[in-house]
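So this one's run_5.tsv, TSV, C-alpha atoms:
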```
chain	number	residue	atom	x	y	z
A	1	MET	CA	43.85	78.06	177.50
A	2	ARG	CA	43.65	81.60	176.38
A	3	THR	CA	46.39	84.02	176.78
A	4	PRO	CA	45.27	87.15	178.43
A	5	VAL	CA	44.89	90.18	176.17
A	6	GLY	CA	47.89	92.50	176.52
A	7	THR	CA	50.27	89.84	177.56
A	8	GLN	CA	53.27	89.47	175.14
A	9	THR	CA	55.40	86.44	174.75
A	10	PRO	CA	59.16	87.25	175.44
A	11	VAL	CA	61.37	87.24	172.40
A	12	GLY	CA	63.56	84.16	172.22
A	13	LYS	CA	61.31	82.17	174.39
A	14	SER	CA	59.53	80.76	171.42
A	15	SER	CA	60.96	77.94	169.38
A	16	ALA	CA	61.24	80.21	166.43
A	17	GLY	CA	63.28	82.65	168.40
A	18	LYS	CA	65.49	79.91	169.72
A	19	LYS	CA	66.05	78.63	166.23
A	20	ALA	CA	66.90	82.08	164.99
A	21	ALA	CA	69.37	82.57	167.81
A	22	VAL	CA	71.04	79.30	167.07
A	23	HIS	CA	71.55	80.13	163.41
A	24	GLN	CA	72.80	83.73	164.01
A	25	THR	CA	76.37	84.29	162.26
A	26	PRO	CA	79.08	86.26	164.24
A	27	GLU	CA	80.79	89.29	162.64
A	28	LYS	CA	83.97	88.64	160.46
A	29	PRO	CA	87.31	90.36	161.48
A	30	THR	CA	88.50	93.18	159.30
A	31	ALA	CA	91.69	93.08	157.08
A	32	ALA	CA	93.56	95.39	159.47
A	33	GLU	CA	92.77	93.15	162.41
A	34	LYS	CA	93.97	90.14	160.48
A	35	ALA	CA	97.28	91.86	159.58
A	36	ALA	CA	97.86	92.94	163.17
A	37	ALA	CA	97.18	89.47	164.47
A	38	LYS	CA	99.51	87.92	161.91
A	39	LYS	CA	102.30	90.42	162.76
A	40	SER	CA	101.89	89.69	166.47
A	41	ALA	CA	102.11	85.96	165.87
A	42	THR	CA	105.21	86.38	163.70
A	43	LYS	CA	106.96	88.47	166.39
A	44	LYS	CA	106.07	85.97	169.08
A	45	ALA	CA	107.40	83.08	166.97
A	46	ALA	CA	110.62	84.98	166.23
A	47	ALA	CA	111.12	85.78	169.92
A	48	GLN	CA	110.58	82.16	170.86
A	49	LYS	CA	113.02	81.03	168.16
A	50	ALA	CA	115.68	83.55	169.29
A	51	ALA	CA	115.31	82.48	172.91
A	52	ALA	CA	115.73	78.84	171.95
A	53	ALA	CA	118.77	79.62	169.78
A	54	LYS	CA	120.34	81.67	172.57
A	55	LYS	CA	119.92	78.84	175.07
A	56	THR	CA	121.43	76.39	172.63
A	57	ALA	CA	124.33	78.62	171.51
A	58	ALA	CA	125.29	80.12	174.85
A	59	PRO	CA	127.44	77.20	176.06
A	60	GLU	CA	129.08	76.88	172.65
A	61	THR	CA	129.93	80.59	172.55
A	62	ALA	CA	131.58	80.43	175.99
A	63	ALA	CA	133.52	77.34	175.04
A	64	THR	CA	134.55	78.90	171.75
A	65	LYS	CA	135.70	82.06	173.50
A	66	ALA	CA	137.72	80.07	176.03
A	67	SER	CA	139.25	77.97	173.27
A	68	ALA	CA	140.10	81.04	171.21
A	69	LYS	CA	141.66	82.71	174.23
A	70	THR	CA	143.80	79.63	174.96
A	71	THR	CA	144.89	79.39	171.32
A	72	ALA	CA	145.83	83.08	171.23
A	73	ALA	CA	147.85	82.71	174.43
A	74	LYS	CA	149.70	79.72	173.00
A	75	LYS	CA	150.46	81.60	169.79
A	76	THR	CA	151.78	84.61	171.75
A	77	ALA	CA	153.97	82.39	173.93
A	78	ALA	CA	155.32	80.54	170.89
A	79	LYS	CA	156.06	83.83	169.14
A	80	LYS	CA	157.93	85.14	172.20
A	81	ALA	CA	159.93	81.92	172.44
A	82	VAL	CA	160.93	82.11	168.78
A	83	THR	CA	161.89	85.79	169.15
A	84	LYS	CA	163.94	85.06	172.26
A	85	LYS	CA	165.67	82.11	170.60
A	86	THR	CA	166.50	84.17	167.53
A	87	ALA	CA	167.93	86.99	169.67
A	88	ALA	CA	170.00	84.49	171.64
A	89	LYS	CA	171.40	83.01	168.41
A	90	LYS	CA	172.29	86.48	167.10
A	91	THR	CA	174.02	87.39	170.39
A	92	ALA	CA	175.94	84.11	170.43
A	93	ALA	CA	176.98	84.57	166.81
A	94	LYS	CA	178.12	88.13	167.53
A	95	LYS	CA	180.15	87.04	170.55
A	96	THR	CA	181.76	84.24	168.58
A	97	ALA	CA	182.59	86.39	165.58
A	98	ALA	CA	183.73	89.58	167.40
A	99	PRO	CA	187.21	88.47	168.64
A	100	SER	CA	188.24	86.96	165.29
A	101	ALA	CA	186.93	89.64	162.94
A	102	PRO	CA	189.82	91.91	161.80
A	103	ALA	CA	189.23	95.29	160.24
A	104	ALA	CA	190.13	94.07	156.76
A	105	LYS	CA	191.27	90.49	156.70
A	106	ALA	CA	193.30	89.54	153.67
A	107	PRO	CA	192.22	86.52	151.64
A	108	ALA	CA	193.61	83.26	152.94
A	109	ARG	CA	196.86	82.28	151.28
A	110	LYS	CA	197.42	78.94	149.68
A	111	PRO	CA	199.61	76.53	151.64
A	112	GLU	CA	203.23	77.21	150.72
A	113	SER	CA	206.06	74.78	150.43
A	114	ARG	CA	209.12	74.92	152.62
A	115	THR	CA	211.15	76.24	149.70
A	116	ALA	CA	208.63	79.01	149.00
A	117	MET	CA	208.58	80.01	152.67
A	118	VAL	CA	212.39	80.22	152.82
A	119	ARG	CA	212.50	82.36	149.68
A	120	ARG	CA	209.81	84.67	151.05
A	121	ALA	CA	211.60	84.92	154.42
A	122	ARG	CA	214.89	85.89	152.82
A	123	ARG	CA	213.15	88.45	150.66
A	124	ILE	CA	211.61	89.96	153.79
A	125	ASN	CA	215.10	90.24	155.26
A	126	ARG	CA	216.30	92.08	152.16
A	127	GLU	CA	213.30	94.43	152.25
A	128	LEU	CA	213.92	95.17	155.94
A	129	ALA	CA	217.59	95.88	155.17
A	130	GLU	CA	216.51	98.54	152.67
A	131	LEU	CA	213.96	99.95	155.12
A	132	TYR	CA	216.36	100.04	158.09
A	133	PRO	CA	219.92	100.42	156.77
A	134	TYR	CA	220.74	102.07	160.10
A	135	ALA	CA	219.43	99.18	162.29
A	136	HIS	CA	221.53	98.73	165.42
A	137	PRO	CA	221.34	97.52	169.03
A	138	GLU	CA	219.22	100.09	170.85
A	139	LEU	CA	221.13	99.94	174.12
A	140	ASP	CA	223.82	102.51	174.83
A	141	PHE	CA	227.21	100.90	175.62
A	142	THR	CA	230.92	101.48	175.08
A	143	ASN	CA	232.31	98.06	176.04
A	144	PRO	CA	231.16	94.43	176.55
A	145	PHE	CA	230.62	94.89	180.30
A	146	GLU	CA	228.29	97.86	179.79
A	147	LEU	CA	226.34	95.94	177.13
A	148	LEU	CA	226.04	92.91	179.42
A	149	VAL	CA	224.74	95.01	182.32
A	150	ALA	CA	222.37	97.00	180.09
A	151	THR	CA	220.93	93.80	178.58
A	152	VAL	CA	220.26	92.33	182.03
A	153	LEU	CA	218.51	95.56	183.04
A	154	SER	CA	216.38	95.55	179.86
A	155	ALA	CA	214.22	92.66	181.09
A	156	GLN	CA	210.59	93.75	181.62
A	157	THR	CA	211.27	97.34	180.55
A	158	THR	CA	212.23	99.37	177.47
A	159	ASP	CA	215.68	100.02	176.09
A	160	LEU	CA	214.86	103.72	176.44
A	161	ARG	CA	214.41	103.41	180.20
A	162	VAL	CA	217.65	101.44	180.50
A	163	ASN	CA	219.56	104.03	178.47
A	164	GLN	CA	218.24	106.78	180.71
A	165	THR	CA	219.36	104.85	183.82
A	166	THR	CA	222.82	103.49	182.98
A	167	PRO	CA	224.78	106.79	182.74
A	168	ARG	CA	224.59	107.28	186.51
A	169	LEU	CA	225.21	103.59	187.14
A	170	PHE	CA	228.37	103.39	185.02
A	171	ALA	CA	229.65	106.65	186.47
A	172	VAL	CA	229.63	105.02	189.92
A	173	CYS	CA	230.76	101.51	188.98
A	174	PRO	CA	232.39	101.33	185.52
A	175	THR	CA	234.00	97.90	186.01
A	176	PRO	CA	232.96	94.47	187.34
A	177	GLU	CA	235.27	94.96	190.31
A	178	ASP	CA	233.54	98.24	191.24
A	179	MET	CA	230.06	96.80	190.89
A	180	ALA	CA	230.85	93.62	192.81
A	181	VAL	CA	231.52	95.63	196.00
A	182	MET	CA	228.55	97.98	195.72
A	183	PRO	CA	226.21	97.89	198.75
A	184	PRO	CA	222.98	96.22	197.53
A	185	GLU	CA	220.81	99.12	198.72
A	186	GLU	CA	222.84	101.66	196.77
A	187	LEU	CA	222.81	99.53	193.62
A	188	GLU	CA	219.05	99.03	193.92
A	189	GLU	CA	218.51	102.76	194.16
A	190	LEU	CA	220.62	103.41	191.06
A	191	ILE	CA	218.67	100.94	188.91
A	192	ARG	CA	215.22	101.53	190.44
A	193	PRO	CA	213.77	103.20	187.28
A	194	THR	CA	214.11	99.94	185.32
A	195	GLY	CA	211.73	98.04	187.60
A	196	PHE	CA	212.28	94.73	189.44
A	197	PHE	CA	215.33	96.47	190.87
A	198	ARG	CA	215.93	94.05	193.78
A	199	ALA	CA	216.12	90.95	191.59
A	200	LYS	CA	218.20	92.80	188.99
A	201	ALA	CA	220.61	94.13	191.63
A	202	LYS	CA	221.13	90.60	192.90
A	203	SER	CA	221.96	89.40	189.36
A	204	LEU	CA	224.35	92.31	188.71
A	205	LEU	CA	226.23	91.72	191.96
A	206	GLY	CA	226.48	88.01	191.19
A	207	LEU	CA	227.68	88.36	187.60
A	208	SER	CA	230.16	91.10	188.53
A	209	ALA	CA	231.67	88.90	191.22
A	210	ALA	CA	231.81	85.96	188.77
A	211	LEU	CA	233.56	88.09	186.14
A	212	ARG	CA	236.05	89.29	188.75
A	213	ASP	CA	236.72	85.87	190.27
A	214	ARG	CA	236.42	83.50	187.30
A	215	PHE	CA	237.20	85.54	184.20
A	216	GLY	CA	239.77	88.10	185.36
A	217	GLY	CA	237.30	90.97	185.23
A	218	GLU	CA	236.60	90.41	181.51
A	219	VAL	CA	233.37	89.40	179.80
A	220	PRO	CA	233.89	85.99	178.12
A	221	GLY	CA	233.29	85.70	174.39
A	222	ARG	CA	231.71	82.22	174.41
A	223	LEU	CA	228.05	81.33	174.77
A	224	GLU	CA	228.89	78.42	177.10
A	225	ASP	CA	230.63	80.77	179.53
A	226	LEU	CA	228.15	83.63	179.37
A	227	VAL	CA	225.12	81.50	180.28
A	228	THR	CA	226.84	80.45	183.52
A	229	LEU	CA	226.69	84.02	184.84
A	230	PRO	CA	223.83	84.96	187.21
A	231	GLY	CA	220.90	86.56	185.34
A	232	VAL	CA	222.33	85.73	181.90
A	233	GLY	CA	220.32	83.51	179.56
A	234	ARG	CA	220.67	82.58	175.93
A	235	LYS	CA	219.03	85.77	174.66
A	236	THR	CA	221.35	88.04	176.68
A	237	ALA	CA	224.37	85.99	175.66
A	238	ASN	CA	223.47	86.31	171.96
A	239	VAL	CA	223.08	90.08	172.31
A	240	VAL	CA	226.54	90.38	173.84
A	241	LEU	CA	228.20	87.96	171.42
A	242	GLY	CA	226.66	89.50	168.32
A	243	ASN	CA	227.22	93.16	169.21
A	244	ALA	CA	230.34	93.17	171.38
A	245	PHE	CA	232.29	90.26	169.86
A	246	GLY	CA	230.97	89.94	166.30
A	247	VAL	CA	229.80	86.35	166.86
A	248	PRO	CA	226.56	85.75	164.92
A	249	GLY	CA	223.50	85.14	167.07
A	250	ILE	CA	219.70	85.39	166.89
A	251	THR	CA	218.14	87.47	169.66
A	252	VAL	CA	214.62	86.23	170.35
A	253	ASP	CA	212.88	88.87	172.42
A	254	THR	CA	209.11	89.50	172.48
A	255	HIS	CA	209.27	91.54	169.24
A	256	PHE	CA	211.31	89.01	167.32
A	257	GLY	CA	209.17	86.08	168.43
A	258	ARG	CA	205.94	87.88	167.52
A	259	LEU	CA	207.10	88.81	164.01
A	260	ALA	CA	208.65	85.41	163.33
A	261	ARG	CA	205.22	83.87	163.95
A	262	ARG	CA	203.37	86.52	161.93
A	263	PHE	CA	205.76	86.04	159.02
A	264	GLY	CA	205.16	82.28	159.12
A	265	TRP	CA	208.76	81.40	159.95
A	266	THR	CA	207.71	79.40	163.01
A	267	ASP	CA	204.70	78.51	165.09
A	268	GLN	CA	206.66	77.99	168.30
A	269	GLN	CA	206.28	80.02	171.50
A	270	ASP	CA	209.44	78.89	173.28
A	271	ALA	CA	212.33	81.28	172.56
A	272	GLU	CA	214.93	78.55	171.96
A	273	LYS	CA	212.64	76.71	169.54
A	274	VAL	CA	211.93	79.95	167.68
A	275	GLU	CA	215.69	80.55	167.47
A	276	ALA	CA	216.27	77.07	166.06
A	277	ASP	CA	213.52	77.42	163.44
A	278	VAL	CA	214.74	80.81	162.25
A	279	ALA	CA	218.40	79.74	162.27
A	280	ALA	CA	217.47	76.98	159.82
A	281	ILE	CA	216.07	79.54	157.34
A	282	PHE	CA	218.88	82.11	157.18
A	283	PRO	CA	222.64	81.81	156.73
A	284	LYS	CA	224.60	82.31	159.93
A	285	SER	CA	226.18	85.51	158.64
A	286	ASP	CA	222.72	87.16	158.63
A	287	TRP	CA	221.68	86.28	162.17
A	288	THR	CA	222.82	89.36	164.09
A	289	MET	CA	221.59	91.99	161.64
A	290	LEU	CA	218.40	90.04	160.98
A	291	SER	CA	217.67	90.30	164.70
A	292	HIS	CA	218.12	94.08	164.68
A	293	ARG	CA	215.95	94.58	161.59
A	294	VAL	CA	213.10	92.42	162.83
A	295	VAL	CA	213.16	94.07	166.27
A	296	PHE	CA	213.25	97.52	164.65
A	297	HIS	CA	210.21	96.66	162.55
A	298	GLY	CA	208.36	95.21	165.53
A	299	ARG	CA	208.88	98.36	167.59
A	300	ARG	CA	208.03	100.82	164.85
A	301	VAL	CA	205.42	99.20	162.60
A	302	CYS	CA	204.32	95.67	163.49
A	303	HIS	CA	203.06	96.40	167.00
A	304	SER	CA	201.65	93.79	169.30
A	305	ARG	CA	198.13	95.16	169.72
A	306	LYS	CA	197.55	97.07	166.50
A	307	PRO	CA	200.01	96.58	163.65
A	308	ALA	CA	200.24	99.41	161.12
A	309	CYS	CA	199.53	97.10	158.17
A	310	GLY	CA	198.53	99.96	155.86
A	311	ALA	CA	201.95	101.61	156.29
A	312	CYS	CA	204.05	98.45	156.16
A	313	ALA	CA	206.62	98.16	153.37
A	314	ILE	CA	206.58	94.36	153.45
A	315	ALA	CA	202.79	93.93	153.57
A	316	PRO	CA	202.73	92.08	150.19
A	317	LEU	CA	205.05	89.43	151.68
A	318	CYS	CA	203.25	89.06	155.03
A	319	PRO	CA	200.72	86.24	155.51
A	320	SER	CA	199.29	88.10	158.51
A	321	TYR	CA	198.42	91.26	156.61
A	322	GLY	CA	195.05	92.56	157.79
A	323	GLU	CA	195.48	91.81	161.50
A	324	GLY	CA	196.03	95.52	162.08
A	325	GLU	CA	195.01	98.87	160.61
A	326	THR	CA	194.94	98.69	156.81
A	327	ASP	CA	193.90	102.27	156.05
A	328	PRO	CA	197.13	104.04	155.01
A	329	GLU	CA	196.34	107.35	156.72
A	330	LYS	CA	195.30	105.74	160.00
A	331	ALA	CA	198.22	103.31	159.85
A	332	ARG	CA	200.77	106.12	159.47
A	333	LYS	CA	199.59	107.59	162.75
A	334	LEU	CA	200.59	104.34	164.48
A	335	LEU	CA	204.27	104.52	163.46
A	336	LYS	CA	206.77	105.07	166.27
A	337	TYR	CA	210.23	106.48	166.86
A	338	GLU	CA	211.97	107.94	163.81
A	339	LEU	CA	209.22	106.70	161.45
A	340	GLY	CA	206.67	108.62	163.45
A	341	GLY	CA	208.79	111.75	163.90
A	342	GLN	CA	209.54	110.91	167.54
A	343	PRO	CA	212.83	110.55	169.47
A	344	GLY	CA	214.58	107.20	169.40
A	345	GLN	CA	215.63	105.02	172.34
A	346	ARG	CA	219.34	105.81	172.55
A	347	LEU	CA	220.73	108.93	174.16
A	348	LYS	CA	223.78	108.47	171.93
A	349	PRO	CA	222.58	106.86	168.69
A	350	PRO	CA	224.93	105.95	165.81
A	351	ALA	CA	225.88	108.72	163.42
A	352	ASP	CA	223.70	107.34	160.60
A	353	TYR	CA	220.55	107.18	162.70
A	354	PRO	CA	217.96	109.45	160.98
A	355	GLY	CA	215.92	110.23	164.10
A	356	GLN	CA	216.33	112.34	167.21
A	357	PRO	CA	218.27	111.18	170.30
A	358	ALA	CA	216.27	110.18	173.36
A	359	PRO	CA	216.11	112.74	176.19
A	360	PRO	CA	217.87	112.07	179.50
A	361	LEU	CA	215.91	110.64	182.44
A	362	ALA	CA	215.22	113.97	184.16
A	363	SER	CA	213.28	115.43	181.22
A	364	SER	CA	211.99	112.24	179.61
A	365	ALA	CA	208.40	111.52	178.92
A	366	SER	CA	206.97	108.16	179.87
A	367	ALA	CA	208.34	105.37	177.68
A	368	GLY	CA	205.96	103.97	175.08
```

As structure tokens, the full file:
Amino acid sequence: MRTPVGTQTPVGKSSAGKKAAVHQTPEKPTAAEKAAAKKSATKKAAAQKAAAAKKTAAPETAATKASAKTTAAKKTAAKKAVTKKTAAKKTAAKKTAAPSAPAAKAPARKPESRTAMVRRARRINRELAELYPYAHPELDFTNPFELLVATVLSAQTTDLRVNQTTPRLFAVCPTPEDMAVMPPEELEELIRPTGFFRAKAKSLLGLSAALRDRFGGEVPGRLEDLVTLPGVGRKTANVVLGNAFGVPGITVDTHFGRLARRFGWTDQQDAEKVEADVAAIFPKSDWTMLSHRVVFHGRRVCHSRKPACGACAIAPLCPSYGEGETDPEKARKLLKYELGGQPGQRLKPPADYPGQPAPPLASSASAG
């Protein structure tokens, strides 16, 4: 069959065209396109890897943070507990050490034998005798009855206050007979400045009546008789016997007892036991003057609250050195009466007393 003239066969419709189409090669990508594609793939892979890592690590990070937070809290709590415990220990140590820490505690002495203690005690007595050659009873009196009354009044007060009170009292009732008939109210008013005036008035009325009725108006000169009088104990009896009758006796008042313990002569608190211990150390002939010297030292230097250790003449012999002020300048300011340039306790002191007389009651300052 003939193909009409002018009619063209469409390209690709022939087998040759089909074959050519089949074997046609597509265009190759350029180097830039390849680099871009590679970069895009790398980014995508990195993003996918990061996402996977984040999903995997997220729970671990939270757990780690929680664990770290708990550990930090425990460490903080432990640190606070240790700090608090340390502070508590320091406070407890401070409280324990404060009461027993003297300003300048002397080194502990070696234990001393009985013989060494007796020798040291007697040397202290000799040193005190040189320091207070004028030691005397610090109550004003002119006879045994006045001394007895003054000693009874001296309980719970100072000798100074008694000495300022007794002139009026003895002007009104100079004898036991006069005092025994005093109205209680009037006697109380006369002795009011000494304190505890009702109890003291009762004792004075009782002892005055006893002296009048049992001893002929005279003060007895025996310890056994004196202690039977109302308001009179062993201490008062020893004061009267030693200073009005010349009978040796040891007067254990608060000053004497304190110094006897500080000196290491006794460790007793009871006055009679202190008296017995000290009496065993010294000869009987020393008892009365020993009492005056020790009491003098206790009132002037070896005070109860703050001893003037730095101004004490017997410091080298004292096992309690360091309980008080050891600085010499500061210690000198603690001295009292004639050692401190102040008036004494007696309105009429002995002629050899180196200090000033005490002022009468009307112009007196408060007793120290």

Neighbouring residues of region 218-222 of chain A were defined as those with any atom within 7 Å, considering all atoms listed in the file; residues of the same chain fewer than 3 positions away were excluded. Please report them as an NGL selection string.
:A and (144-145 or 211 or 215 or 225-226 or 241 or 245)

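When only C-alpha atoms are used to measure the gap to Gly257 (chain A), the shortest distance among A:Tyr134, A:Gly233, A:Ala121, A:Val294 belongs to A:Val294.
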
Nearest residue to Thr236 (chain A) from the set A:Ile281, A:Leu361, A:Val118, A:Thr151 (distances using all atoms listed in the file)
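When distances to Thr236 (chain A) are compared using all atoms listed in the file, the smallest one comes from A:Thr151.
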
Determine, counting all atoms listed in the file, which protein, DNA and RNA residues have an atom within 10 Å of an atom of His136 (chain A); residues of the same chain fewer than 3 positions away are not included. Present the result as a PyMOL selection string.
chain A and resi 132-133+139+243+288-289+291-293+295-296+349-350+353

Excluding Pro283 (chain A) and its own-chain neighbours fewer than 3 positions away, which residues fall within 12 Å of it when counting all atoms listed in the file? Please give them as JSON, numbers by chain.
{"A": [118, 121, 122, 125, 248, 249, 250, 278, 279, 280, 286, 287, 288, 289, 290]}

Residues of the last selection are to be written out with C-alpha atoms, as a compact mmCIF listing (two decimals), in the frame of the given file.
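The result, written out as again02.txt:
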```txt
# COMPACT_ATOMS: atom_id res chain seq x y z
CA VAL A 118 212.39 80.22 152.82
CA ALA A 121 211.60 84.92 154.42
CA ARG A 122 214.89 85.89 152.82
CA ASN A 125 215.10 90.24 155.26
CA PRO A 248 226.56 85.75 164.92
CA GLY A 249 223.50 85.14 167.07
CA ILE A 250 219.70 85.39 166.89
CA VAL A 278 214.74 80.81 162.25
CA ALA A 279 218.40 79.74 162.27
CA ALA A 280 217.47 76.98 159.82
CA ASP A 286 222.72 87.16 158.63
CA TRP A 287 221.68 86.28 162.17
CA THR A 288 222.82 89.36 164.09
CA MET A 289 221.59 91.99 161.64
CA LEU A 290 218.40 90.04 160.98
```

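We find CA of Asp253 (chain A) and CA of Leu187 (chain A) to be spaced 25.7 Å apart.
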
So the first atom is CA of Glu127 (chain A) and the second is CA of Ile314 (chain A); what is the distance between them in Å, to one decimal place?
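Those two atoms sit 6.8 Å apart.
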
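Ranking A:Met182, A:Leu229, A:Leu148, A:Leu334 by their shortest atom-to-atom distance to Thr166 (chain A), with only C-alpha atoms included, puts A:Leu148 first.
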
Coordinates of region 163-212 of chain A, C-alpha atoms, as a compact mmCIF listing (two decimals), in the first residue's frame:
```
# COMPACT_ATOMS: atom_id res chain seq x y z
CA ASN A 163 31.02 49.81 167.64
CA GLN A 164 28.85 52.60 166.27
CA THR A 165 25.81 51.22 168.14
CA THR A 166 27.09 50.26 171.60
CA PRO A 167 27.96 53.75 172.96
CA ARG A 168 24.27 54.64 173.27
CA LEU A 169 23.42 51.16 174.55
CA PHE A 170 26.01 51.16 177.34
CA ALA A 171 25.10 54.71 178.31
CA VAL A 172 21.56 53.51 179.06
CA CYS A 173 22.36 50.10 180.57
CA PRO A 174 26.00 49.74 181.66
CA THR A 175 25.48 46.65 183.83
CA PRO A 176 23.68 43.28 183.55
CA GLU A 177 21.20 44.44 186.18
CA ASP A 178 20.30 47.54 184.14
CA MET A 179 19.92 45.60 180.90
CA ALA A 180 17.87 42.80 182.46
CA VAL A 181 15.04 45.24 183.29
CA MET A 182 15.04 47.11 179.99
CA PRO A 183 11.66 47.05 178.18
CA PRO A 184 12.16 44.83 175.10
CA GLU A 185 10.90 47.52 172.72
CA GLU A 186 13.39 50.07 174.00
CA LEU A 187 16.28 47.61 173.83
CA GLU A 188 15.30 46.62 170.28
CA GLU A 189 15.32 50.25 169.21
CA LEU A 190 18.78 50.82 170.70
CA ILE A 191 20.33 47.87 168.85
CA ARG A 192 18.30 48.15 165.62
CA PRO A 193 21.32 49.23 163.47
CA THR A 194 23.00 45.84 164.00
CA GLY A 195 20.18 43.91 162.32
CA PHE A 196 18.17 40.95 163.65
CA PHE A 197 17.43 43.24 166.58
CA ARG A 198 14.46 41.28 167.97
CA ALA A 199 16.35 38.00 168.31
CA LYS A 200 19.42 39.81 169.66
CA ALA A 201 17.36 41.76 172.21
CA LYS A 202 15.88 38.50 173.46
CA SER A 203 19.38 37.02 173.91
CA LEU A 204 20.69 40.13 175.69
CA LEU A 205 17.76 40.20 178.11
CA GLY A 206 18.21 36.49 178.82
CA LEU A 207 21.97 36.58 179.38
CA SER A 208 21.72 39.73 181.52
CA ALA A 209 19.13 38.09 183.75
CA ALA A 210 21.29 34.93 183.97
CA LEU A 211 24.37 36.96 184.94
CA ARG A 212 22.33 38.78 187.59
```
